[in-house]
Structure formats: C-alpha cells, structure tokens
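For reference, my_file22.cif is printed below; it contains mmCIF, C-alpha atoms.
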```cif
data_start
#
loop_
_atom_site.label_atom_id
_atom_site.label_comp_id
_atom_site.auth_asym_id
_atom_site.auth_seq_id
_atom_site.Cartn_x
_atom_site.Cartn_y
_atom_site.Cartn_z
CA MET A 30 -5.71 -15.42 3.73
CA GLU A 31 -3.41 -12.69 4.95
CA PHE A 32 -3.92 -9.02 4.06
CA ILE A 33 -0.99 -6.64 4.36
CA GLY A 34 -1.76 -2.92 4.40
CA PRO A 35 -2.43 0.01 6.74
CA MET A 36 -4.85 -1.19 9.42
CA ILE A 37 -4.37 1.99 11.46
CA GLY A 38 -8.10 2.71 11.33
CA ARG A 39 -8.22 0.63 14.49
CA LYS A 40 -6.66 3.62 16.26
CA PRO A 41 -8.90 6.52 17.37
CA GLY A 42 -8.84 9.45 14.96
CA HIS A 43 -7.58 7.44 11.97
CA ALA A 44 -9.69 6.61 8.92
CA THR A 45 -10.62 2.98 8.35
CA MET A 46 -8.82 1.65 5.28
CA GLN A 47 -10.16 -0.80 2.71
CA GLY A 48 -7.89 -3.65 3.81
CA GLN A 49 -9.18 -3.41 7.35
CA ILE A 50 -12.81 -3.34 6.22
CA LEU A 51 -12.44 -6.26 3.81
CA SER A 52 -10.47 -8.40 6.24
CA ALA A 53 -13.12 -7.89 8.93
CA LEU A 54 -15.92 -8.79 6.50
CA PHE A 55 -14.15 -11.98 5.45
CA ALA A 56 -13.67 -12.85 9.12
CA ASP A 57 -17.37 -12.26 9.81
CA ALA A 58 -18.16 -14.55 6.85
CA GLY A 59 -16.32 -17.38 8.56
CA TYR A 60 -12.84 -17.16 7.10
CA PRO A 61 -9.93 -17.50 9.55
CA VAL A 62 -8.26 -14.10 9.18
CA THR A 63 -5.04 -12.41 10.30
CA ALA A 64 -4.57 -8.69 9.55
CA VAL A 65 -1.37 -6.58 9.78
CA SER A 66 -0.44 -3.88 10.55
CA ASP A 67 -2.15 -1.38 12.84
CA VAL A 68 1.15 0.18 13.92
CA VAL A 69 0.93 3.92 13.24
CA ASN A 70 4.65 4.58 12.76
CA ARG A 71 5.55 3.76 9.14
CA TYR A 72 8.91 2.18 9.92
CA LEU A 73 7.66 0.07 12.81
CA ARG A 74 4.71 -0.96 10.62
CA LEU A 75 7.15 -2.19 7.98
CA LEU A 76 8.96 -4.27 10.60
CA ASP A 77 5.64 -5.70 11.77
CA ILE A 78 4.76 -6.64 8.19
CA ILE A 79 8.12 -8.28 7.54
CA ARG A 80 7.84 -10.25 10.77
CA THR A 81 4.32 -11.39 9.87
CA ILE A 82 5.24 -12.49 6.34
CA ILE A 83 8.28 -14.42 7.57
CA GLY A 84 6.32 -15.94 10.45
CA ASN A 85 3.55 -17.08 8.09
CA GLN A 86 5.81 -18.20 5.24
CA TYR A 87 4.69 -21.84 5.48
CA SER A 88 0.98 -21.19 6.05
CA VAL A 89 0.18 -18.59 3.39
CA ASP A 90 -0.72 -19.53 -0.17
CA VAL A 91 -1.74 -16.13 -1.56
CA MET A 92 -0.63 -12.65 -0.60
CA VAL A 93 -3.11 -9.79 -1.14
CA LEU A 94 -0.97 -6.69 -1.14
CA GLU A 95 -2.47 -3.20 -0.94
CA VAL A 96 -0.55 -0.88 -3.28
CA TYR A 97 -0.71 2.90 -2.86
CA GLY A 98 2.48 4.18 -4.44
CA GLY A 99 4.42 7.05 -2.90
CA ALA A 100 6.60 6.33 0.12
CA SER A 101 4.61 3.19 0.89
CA PHE A 102 5.82 1.63 -2.36
CA VAL A 103 9.01 0.64 -0.52
CA VAL A 104 6.82 -1.52 1.73
CA GLU A 105 5.09 -3.01 -1.29
CA ASP A 106 8.42 -3.77 -2.94
CA ILE A 107 9.81 -5.53 0.15
CA ALA A 108 6.59 -7.42 0.89
CA SER A 109 6.15 -8.68 -2.67
CA TRP A 110 9.84 -9.70 -2.85
CA LEU A 111 9.43 -11.73 0.33
CA GLY A 112 6.21 -13.25 -0.95
CA LYS A 113 7.88 -14.41 -4.14
CA ARG A 114 10.85 -15.74 -2.19
CA PHE A 115 8.49 -17.89 -0.10
CA GLY A 116 6.55 -19.08 -3.15
CA HIS A 117 3.31 -17.24 -2.35
CA ARG A 118 0.94 -16.25 -5.11
CA ILE A 119 0.40 -12.51 -5.03
CA VAL A 120 -2.66 -10.35 -5.65
CA MET A 121 -1.77 -6.65 -5.75
CA TRP A 122 -4.70 -4.41 -4.89
CA LEU A 123 -4.23 -0.91 -6.34
CA HIS A 124 -5.44 2.18 -4.47
CA GLY A 125 -5.27 5.94 -4.84
CA GLY A 126 -5.57 8.53 -7.55
CA ALA A 127 -1.87 9.37 -7.30
CA ILE A 128 -0.72 6.02 -8.71
CA PRO A 129 -0.79 7.15 -12.39
CA GLU A 130 1.65 10.00 -11.67
CA PHE A 131 3.82 7.71 -9.53
CA MET A 132 3.99 5.08 -12.29
CA ALA A 133 4.87 7.71 -14.86
CA ARG A 134 7.64 9.01 -12.62
CA TYR A 135 9.09 5.58 -11.79
CA PRO A 136 8.09 3.35 -14.71
CA ASN A 137 10.85 0.76 -14.34
CA TRP A 138 10.44 0.39 -10.58
CA THR A 139 6.67 0.11 -10.65
CA LYS A 140 6.67 -2.28 -13.60
CA ARG A 141 9.21 -4.51 -11.85
CA VAL A 142 7.24 -4.61 -8.59
CA LEU A 143 3.78 -4.92 -10.14
CA GLY A 144 5.17 -7.60 -12.45
CA ARG A 145 5.51 -9.89 -9.42
CA ALA A 146 1.73 -10.05 -9.10
CA ASP A 147 -0.18 -13.10 -10.27
CA PHE A 148 -3.26 -10.87 -10.40
CA LEU A 149 -3.77 -7.10 -10.21
CA VAL A 150 -7.02 -5.76 -8.76
CA ALA A 151 -8.21 -2.16 -9.24
CA PRO A 152 -11.32 -0.60 -7.66
CA SER A 153 -12.09 1.38 -10.82
CA GLU A 154 -11.82 1.22 -14.58
CA PHE A 155 -9.66 4.34 -14.28
CA LEU A 156 -6.82 2.51 -12.50
CA ALA A 157 -7.32 -0.60 -14.62
CA ARG A 158 -6.70 1.51 -17.75
CA ILE A 159 -3.61 3.11 -16.24
CA VAL A 160 -1.63 -0.15 -16.08
CA VAL A 161 -2.37 -1.24 -19.67
CA PRO A 162 0.47 0.79 -21.30
CA TYR A 163 2.89 -1.05 -18.99
CA GLY A 164 1.82 -4.42 -20.39
CA LEU A 165 -0.28 -5.22 -17.31
CA ARG A 166 -3.95 -6.10 -16.81
CA ALA A 167 -6.12 -5.49 -13.76
CA THR A 168 -9.43 -7.01 -12.68
CA VAL A 169 -11.93 -4.38 -11.47
CA ILE A 170 -13.45 -5.05 -8.04
CA PRO A 171 -15.10 -2.02 -6.38
CA ASN A 172 -14.16 -0.73 -2.97
CA VAL A 173 -16.48 -2.08 -0.29
CA ILE A 174 -18.71 -0.35 2.25
CA GLU A 175 -20.99 -1.89 4.83
CA ILE A 176 -24.04 -0.40 3.21
CA GLY A 177 -26.40 -1.39 6.01
CA ALA A 178 -24.48 0.86 8.38
CA TYR A 179 -25.64 3.98 6.48
CA ARG A 180 -29.17 5.32 6.76
CA TYR A 181 -30.61 6.07 3.33
CA ARG A 182 -32.87 9.12 3.14
CA HIS A 183 -34.40 9.84 -0.25
CA ARG A 184 -34.07 13.49 -1.28
CA ALA A 185 -37.21 14.31 -3.29
CA ALA A 186 -36.09 17.92 -3.00
CA VAL A 187 -33.03 19.50 -1.46
CA SER A 188 -32.14 22.48 0.70
CA PRO A 189 -28.77 24.35 0.56
CA ARG A 190 -27.13 22.28 3.33
CA LEU A 191 -23.78 21.19 1.88
CA PHE A 192 -21.59 18.39 3.20
CA TRP A 193 -17.88 17.90 2.34
CA MET A 194 -15.83 15.03 3.75
CA ARG A 195 -12.13 14.31 3.26
CA ASN A 196 -8.78 15.23 4.82
CA LEU A 197 -8.10 18.96 4.99
CA HIS A 198 -5.21 18.84 2.52
CA PRO A 199 -4.49 20.71 -0.74
CA ILE A 200 -5.01 17.51 -2.80
CA TRP A 201 -8.64 17.43 -1.69
CA ASN A 202 -9.00 21.21 -2.25
CA PRO A 203 -11.21 22.14 0.74
CA GLU A 204 -10.73 25.82 -0.07
CA MET A 205 -12.76 25.30 -3.24
CA ALA A 206 -15.69 24.27 -1.02
CA ILE A 207 -15.42 27.61 0.81
CA ARG A 208 -15.34 29.53 -2.47
CA VAL A 209 -18.39 27.60 -3.69
CA LEU A 210 -20.29 28.45 -0.52
CA ALA A 211 -19.43 32.14 -0.89
CA ARG A 212 -20.72 32.20 -4.47
CA LEU A 213 -23.81 30.23 -3.54
CA LYS A 214 -24.71 32.61 -0.71
CA GLN A 215 -24.87 35.47 -3.19
CA THR A 216 -28.05 33.80 -4.47
CA VAL A 217 -29.11 31.56 -1.55
CA ALA A 218 -28.48 33.43 1.68
CA ASN A 219 -29.24 30.50 4.01
CA ALA A 220 -26.69 28.11 2.45
CA THR A 221 -24.45 26.29 4.95
CA LEU A 222 -21.44 23.99 4.71
CA VAL A 223 -20.09 21.23 6.96
CA LEU A 224 -16.44 20.36 6.35
CA ALA A 225 -15.55 16.99 7.86
CA GLY A 226 -12.09 15.50 8.12
CA PRO A 227 -8.82 15.68 10.05
CA ASP A 228 -6.41 18.55 9.48
CA LYS A 229 -3.58 17.58 7.12
CA GLY A 230 -2.21 21.07 6.70
CA SER A 231 -5.10 23.14 5.30
CA ARG A 232 -7.38 23.91 8.26
CA SER A 233 -5.92 27.35 9.00
CA ASP A 234 -6.07 28.27 5.30
CA VAL A 235 -9.70 27.16 5.16
CA GLU A 236 -10.63 29.14 8.26
CA ASN A 237 -8.82 32.26 7.02
CA LEU A 238 -10.50 32.04 3.62
CA ALA A 239 -13.94 31.65 5.22
CA LYS A 240 -13.32 34.82 7.24
CA LYS A 241 -12.01 36.69 4.20
CA LEU A 242 -15.07 35.75 2.13
CA GLU A 243 -17.36 36.54 5.09
CA VAL A 244 -18.93 33.08 5.28
CA ALA A 245 -17.33 31.84 8.52
CA ASP A 246 -20.68 31.91 10.33
CA SER A 247 -22.07 29.47 7.73
CA VAL A 248 -19.20 26.96 7.92
CA ARG A 249 -18.70 24.26 10.54
CA LEU A 250 -15.52 22.17 10.71
CA THR A 251 -16.12 18.90 12.53
CA GLY A 252 -12.67 17.32 12.44
CA PHE A 253 -12.42 13.55 12.05
CA LEU A 254 -15.76 11.72 11.97
CA ASP A 255 -16.30 8.11 12.97
CA ARG A 256 -19.09 6.12 11.31
CA ALA A 257 -21.75 7.44 13.71
CA GLY A 258 -20.57 10.99 13.02
CA LYS A 259 -20.67 10.45 9.25
CA THR A 260 -24.20 9.11 9.50
CA ARG A 261 -25.33 12.01 11.71
CA GLU A 262 -23.85 14.74 9.50
CA GLY A 263 -24.86 13.01 6.26
CA ASP A 264 -28.46 12.68 7.42
CA ALA A 265 -28.61 16.38 8.32
CA ALA A 266 -27.22 17.50 4.94
CA ASP A 267 -28.91 17.54 1.52
CA ILE A 268 -26.08 17.85 -1.03
CA PHE A 269 -22.61 16.27 -0.99
CA ILE A 270 -19.83 18.20 -2.70
CA ASN A 271 -16.50 16.68 -3.68
CA THR A 272 -13.69 19.05 -4.68
CA ASN A 273 -10.78 16.62 -5.10
CA ARG A 274 -7.98 17.46 -7.52
CA ILE A 275 -7.07 13.79 -8.03
CA ASP A 276 -8.84 10.60 -7.04
CA ASN A 277 -9.58 7.01 -7.92
CA MET A 278 -12.83 5.66 -6.45
CA PRO A 279 -13.54 7.86 -3.41
CA VAL A 280 -15.24 5.90 -0.65
CA ALA A 281 -16.59 9.22 0.67
CA ILE A 282 -18.69 9.59 -2.50
CA VAL A 283 -19.96 6.02 -2.20
CA GLU A 284 -20.90 6.66 1.44
CA ALA A 285 -22.75 9.83 0.42
CA CYS A 286 -24.64 7.87 -2.22
CA ALA A 287 -25.55 5.23 0.39
CA MET A 288 -27.11 8.00 2.48
CA GLY A 289 -29.14 9.35 -0.45
CA LEU A 290 -27.16 12.56 -0.85
CA PRO A 291 -27.08 13.92 -4.42
CA VAL A 292 -23.41 14.36 -5.34
CA VAL A 293 -21.73 17.27 -7.13
CA SER A 294 -18.09 16.49 -7.85
CA THR A 295 -15.06 17.48 -9.85
CA ASP A 296 -14.63 15.16 -12.83
CA VAL A 297 -11.09 14.03 -11.98
CA GLY A 298 -9.45 10.59 -11.99
CA GLY A 299 -11.87 7.70 -11.70
CA ILE A 300 -14.89 9.74 -10.62
CA PRO A 301 -16.42 9.85 -14.15
CA ASP A 302 -16.23 6.04 -14.10
CA LEU A 303 -18.07 5.97 -10.77
CA LEU A 304 -20.77 8.58 -11.46
CA THR A 305 -22.80 9.10 -14.63
CA GLU A 306 -23.32 12.77 -15.41
CA GLY A 307 -26.92 13.83 -14.84
CA GLU A 308 -27.99 10.37 -13.66
CA SER A 309 -26.04 9.50 -10.51
CA GLY A 310 -24.12 12.75 -10.03
CA LEU A 311 -23.26 16.15 -11.46
CA LEU A 312 -19.66 16.58 -12.65
CA VAL A 313 -17.77 19.85 -13.06
CA PRO A 314 -14.21 20.77 -14.10
CA ASP A 315 -11.41 20.69 -11.53
CA ASP A 316 -11.25 23.81 -9.31
CA ASP A 317 -14.16 25.49 -11.13
CA GLU A 318 -16.21 26.94 -8.29
CA GLN A 319 -18.61 28.72 -10.65
CA ALA A 320 -19.51 25.47 -12.41
CA MET A 321 -20.02 23.72 -9.07
CA THR A 322 -22.16 26.57 -7.78
CA ASP A 323 -24.29 26.42 -10.94
CA ALA A 324 -24.72 22.66 -10.51
CA ILE A 325 -25.86 23.13 -6.90
CA LEU A 326 -28.35 25.79 -7.97
CA CYS A 327 -29.62 23.38 -10.61
CA LEU A 328 -30.32 20.79 -7.93
CA LEU A 329 -32.03 23.34 -5.69
CA ASN A 330 -34.30 24.42 -8.53
CA ASN A 331 -34.96 20.99 -9.99
CA PRO A 332 -36.48 18.55 -7.45
CA LYS A 333 -36.86 15.85 -10.11
CA MET A 334 -33.12 15.90 -10.80
CA ALA A 335 -32.32 15.82 -7.09
CA ALA A 336 -34.64 12.84 -6.63
CA ARG A 337 -33.09 11.04 -9.61
CA LEU A 338 -29.56 11.51 -8.33
CA SER A 339 -30.59 10.41 -4.85
CA ALA A 340 -32.23 7.21 -6.09
CA ASN A 341 -29.56 6.33 -8.66
CA GLY A 342 -26.82 7.08 -6.17
CA LEU A 343 -28.12 4.27 -4.00
CA GLN A 344 -27.59 1.90 -6.92
CA VAL A 345 -23.99 3.12 -7.17
CA ALA A 346 -23.50 2.36 -3.48
CA GLU A 347 -25.07 -1.08 -3.80
CA CYS A 348 -22.34 -2.05 -6.28
CA SER A 349 -19.94 -1.63 -3.34
CA SER A 350 -22.01 -3.74 -0.94
CA TRP A 351 -20.37 -6.73 0.69
CA ASN A 352 -22.66 -9.18 -1.12
CA HIS A 353 -21.53 -7.86 -4.50
CA VAL A 354 -17.85 -7.37 -3.65
CA ARG A 355 -17.54 -10.76 -1.97
CA ARG A 356 -18.75 -12.49 -5.13
CA GLU A 357 -16.14 -10.61 -7.15
CA TRP A 358 -13.29 -11.57 -4.83
CA GLU A 359 -14.38 -15.19 -4.60
CA THR A 360 -14.56 -15.38 -8.40
CA LEU A 361 -10.96 -14.17 -8.44
CA PHE A 362 -9.94 -16.84 -5.91
CA GLU A 363 -11.60 -19.50 -8.04
CA MET A 364 -9.71 -18.23 -11.10
CA MET A 365 -6.56 -18.82 -9.06
CA GLY A 366 -7.62 -22.41 -8.44
CA TYR A 367 -8.98 -22.14 -4.90
CA SER A 368 -12.38 -23.38 -3.85
CA THR A 369 -14.64 -20.93 -2.06
CA VAL A 370 -17.32 -23.52 -1.37
CA ALA A 371 -15.40 -24.92 1.57
CA LEU A 372 -14.10 -21.91 3.46
CA PRO A 373 -10.37 -21.42 2.93
CA GLU A 374 -8.05 -20.67 5.79
CA LEU A 375 -7.57 -16.94 5.61
CA SER A 376 -4.96 -14.76 7.26
CA LEU A 377 -5.10 -11.00 6.69
CA ALA A 378 -2.24 -8.61 7.28
CA ALA A 379 -1.73 -4.88 6.67
CA SER A 380 1.09 -2.38 6.18
CA GLY A 381 0.54 0.95 4.74
CA SER A 382 0.13 -0.89 1.54
CA THR A 383 -0.05 -4.70 1.59
CA ALA A 384 -2.34 -7.69 1.93
CA VAL A 385 -1.75 -11.44 2.04
CA LEU A 386 -4.15 -14.28 1.53
CA SER A 387 -3.88 -17.90 2.56
CA LEU A 388 -6.36 -20.27 0.88
CA LYS A 389 -6.11 -23.86 1.96
CA GLN A 390 -8.71 -25.85 0.00
CA SER A 391 -7.83 -26.17 -3.68
CA LEU A 392 -10.21 -26.91 -6.49
CA GLY A 393 -10.36 -30.36 -7.92
#
```
Show me, as structure tokens, the structure contained in the file I just sent.
Amino acid sequence: MEFIGPMIGRKPGHATMQGQILSALFADAGYPVTAVSDVVNRYLRLLDIIRTIIGNQYSVDVMVLEVYGGASFVVEDIASWLGKRFGHRIVMWLHGGAIPEFMARYPNWTKRVLGRADFLVAPSEFLARIVVPYGLRATVIPNVIEIGAYRYRHRAAVSPRLFWMRNLHPIWNPEMAIRVLARLKQTVANATLVLAGPDKGSRSDVENLAKKLEVADSVRLTGFLDRAGKTREGDAADIFINTNRIDNMPVAIVEACAMGLPVVSTDVGGIPDLLTEGESGLLVPDDDEQAMTDAILCLLNNPKMAARLSANGLQVAECSSWNHVRREWETLFEMMGYSTVALPELSLAASGSTAVLSLKQSLG
C-alpha cells in the first residue's frame, strides 16, 4: 500500500497529519509500508510524489490519495491522473471543512478528479453528504488517533481552566476564545485560558485583543505542542473550547475527548455529526461568544452534565481508535477484492494531499 499526502509532521514544529498516522499504524501492524512525502516545500513535495508514483508504477495496486482541496488539489489531480494511467485502483480520502466551498467553486474540476476514484472515503457524515449532489458516494471511516497515548481523566466536576488547540488563524477564530474568556471572567474571576498552536497570522491580533479586554494575565500561548505537550496541557485543563468557523471532523476535539475534557464547540461543518448536543458536547452558534460563555457556566454549575460529557466523550474518541478504524479500512479493502487475512504488501506515500496503497494478495 502506498499513501500519498503531506507527511511533514515528521519535521519539528509541524502537525502530524492523518496519512502519516495511518501509514505508521499499518506498518506497526505488519504491513510493508512506504510513505511520501515529508518534503516541506509544496513544489518539491509534488516532485517527490510524482517520482514515487512513477517509481512504484509496477508494484502498486491501489492508490490511497489524501484530498484536501485548495492549492493542494493540483497535486491530487496530477497524482490521480498518473494512478489511472498506470492502472492503479484509487481510493480518495477526503479531508477538511473547506472542501464543500471548494467543490461549489470548481464543480467541474472536482467532479472530474473525484470521478477517477474507485472509492471515496470521508471521515464524517458531513463530507459524505457533500459529494452526493455531484453523483458521488463516500464511505465514512473516522479519523484515527492512538487513543492509548492520551491519559483519560474523568471530570466529575470542572474548574474554569479552558484549553483551546488549533492553528492561530482566522479560520479557527482564536479571538473568539479571548472574548469568551473576558465574558466569563465577569462572573468567574479565576478563569484562565491556554491557547495552543503555531502562529498562522493571528497571534499578534490575539495578544492585542487580550490586552484590550484586560485578560492578558489569564491567557497563556504555548505555540506548537507535540503529543507530550498536548497531554500535559490537556491534563491540567478542565474544559476544551473549539471556536472554528469551518471544520470537518477536528482531531483536536477527538483528542480532547480522549483526555476526558468536556467540549464546548461551535456547531459548524461536521461537528454536529461528531458530538451530540448535551450528551457528548455542548454546541453553540458560530462566533457567538455569549452562547459559549453560557455553556461554560452551565458546565461549571452542573457537575452531573460535566461528568456525562466527560464519560461520553471517551466513547466518541474510542470510535477513532486504531482497532475500530483498522476494521473499517480492511472492510473497504475486502470490498475491493483484496484479502486482509494474509497481510498485503503495503506502500504508503504522502504529498500535501495523496495516498497510495499496494495490496498484493487477492481474494479467491
């Protein structure tokens, strides 16, 4: 099997992407795996991907191609064209909450490229629904986390220690988190907020807003966190807040659930498919800091609700465990006619949006 997508999480300071995680888990399970590409530069990464696909043209049966849309869709177009040229079967693995807008903007292009797929995979019902009007169908397989790497702490009651984790970029709306903290401190003076994630253009705005709203002393910006850092900060916090403007199936929310953090999130994109209101999370309208503040106060004043969200959140995270996700992928491989009883030869490659799979033992 060969995955093609952005494997740049191998580089310090870069987030680990789903293709990298899944390829490593398949390798640990005994599959021979090749993964491409961990080249940071987008153009050099494309060259690395092309070279890998051409070099493996006779040894790959199935290409698993990560699809993000945006500028990376050029990579996905080229990679899938090469795959078809070499007679590979193609699984396109959709990612990102921006894909619906991208498909609406470029309907002919996206339909042509996605039409090359033998199977489409989406990590959420949200993205699976998006492709239906284009005459396409996607199989839902959740994003994966290594759940054992996260320490679960049950929150039978919570304190006002808030944790936010994503890139500091307008799409993820970190300034809303600052506004929520300012409102919350009007009622709960000891409330604090940890903002975790690399700066993608919003850090100075966040810092200036915190000073303006006089909450800078209660905010800590950690920058990029590796897994140990996520675990440390998540264990110290009691409530996870998610302020995204768009999203699909945020791994950050799943990680928070794995650590037992009750989640309060905007109800955008695929998040209502991931979390059930009042059972595994509290959902509020996009950019509505008053509604999010009220939801946090509800958790602080209702230990039973906090405990319910903490316990049920773990069940959400377990749906993304390797044991569950592996079964889903292997069912897909069997639908394609490949046996997963005898381990297939598997070569994984990554681009900024592609994955390729080579399965050698066929059914029958």
**Request:** Please indicate the distance in Å from CA of Leu343 (chain A) to CA of Ala287 (chain A), rounded to one decimal place.
**Result:** 5.2 Å
**Item:** the PyMOL selection byres ((chain A and resi 346-363) around 6) resolved against shown file, as a list in words
**Value:**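 For this structure, the PyMOL selection byres ((chain A and resi 346-363) around 6) captures Pro171, Asn172, Val173, Ile174, Ile176, Val283, Cys286, Ala287, Leu343, Gln344, Val345, Met364, Met365, Gly366, Tyr367 and Ser368 of chain A.
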**Request:** Using the chain letters and numbering of this document, enumerate as an NGL selection string the residues selected by the PyMOL selection byres ((chain A and resi 35) around 12).
**Result:** :A and (32-34 or 36-40 or 43-50 or 52 or 64-75 or 77-78 or 94-97 or 101 or 104-105 or 124 or 377-384)
Produce the centre coordinates and the three edge lengths, each in Å to one decimal, of the box along x, y and z that contains all listed atoms of region 167-184 of chain A with 6 Å added on each side, as lines of an AutoDock Vina configuration file.
```
center_x = -20.3
center_y = 3.2
center_z = -2.7
size_x = 40.3
size_y = 32.5
size_z = 34.1
```
**Message:** Just to confirm, what's the straight-line distance from CA of Gln319 (chain A) to CA of Val209 (chain A) in Å (one decimal)?
**Reply:** 7.1 Å
**Item:** Residue among A:Ile275, A:Ile270, A:Val313, A:Ala225 lying closest to Gly126 (chain A), counting only C-alpha atoms
**Value:**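 Among A:Ile275, A:Ile270, A:Val313, A:Ala225, it is A:Ile275 that comes nearest to Gly126 (chain A).
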**Request:** Output the residue selection produced by the PyMOL selection byres ((chain A and resi 143) around 12) on the file above, formatted as a PyMOL selection string.
**Result:** chain A and resi 94-98+102+105-110+113+119-123+128+132+135-142+144-150+160-161+163-167
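Each of A:Gly307, A:Pro314, A:Pro279, A:Pro301 was checked against Lys333 (chain A) using all atoms listed in the file; the smallest atom-to-atom distance is that of A:Gly307.
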**Item:** Residues within 8 Å of (-22.8, 15.8, 1.1), counting all atoms listed in the file, listed as a list in words
**Value:**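 Residues with an atom at most 8 Å from (-22.8, 15.8, 1.1): Leu191, Phe192, Trp193, Met194, Gly263, Ala266, Asp267, Ile268, Phe269, Ile270, Asn271, Ala285, Leu290, Pro291 and Val292 of chain A.
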**Message:** Show me the residues around (-7.8, 16.1, 5.5) - criterion: an atom at most 12 Å away, all atoms listed in the file counted - as a ChimeraX atom specification.
**Reply:** /A:42-44,193-204,224-233,235,250-254,273
**Asked** Which residue, A:Glu243, A:Glu284, A:Asp276, A:Asp234, has the smallest gap to Gly298 (chain A) when you use only C-alpha atoms?
**Response**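 Between A:Glu243, A:Glu284, A:Asp276, A:Asp234, the residue approaching Gly298 (chain A) most closely is A:Asp276.
For the pair CA of Ala336 (chain A) and CA of Thr295 (chain A), the interatomic distance is 20.4 Å.
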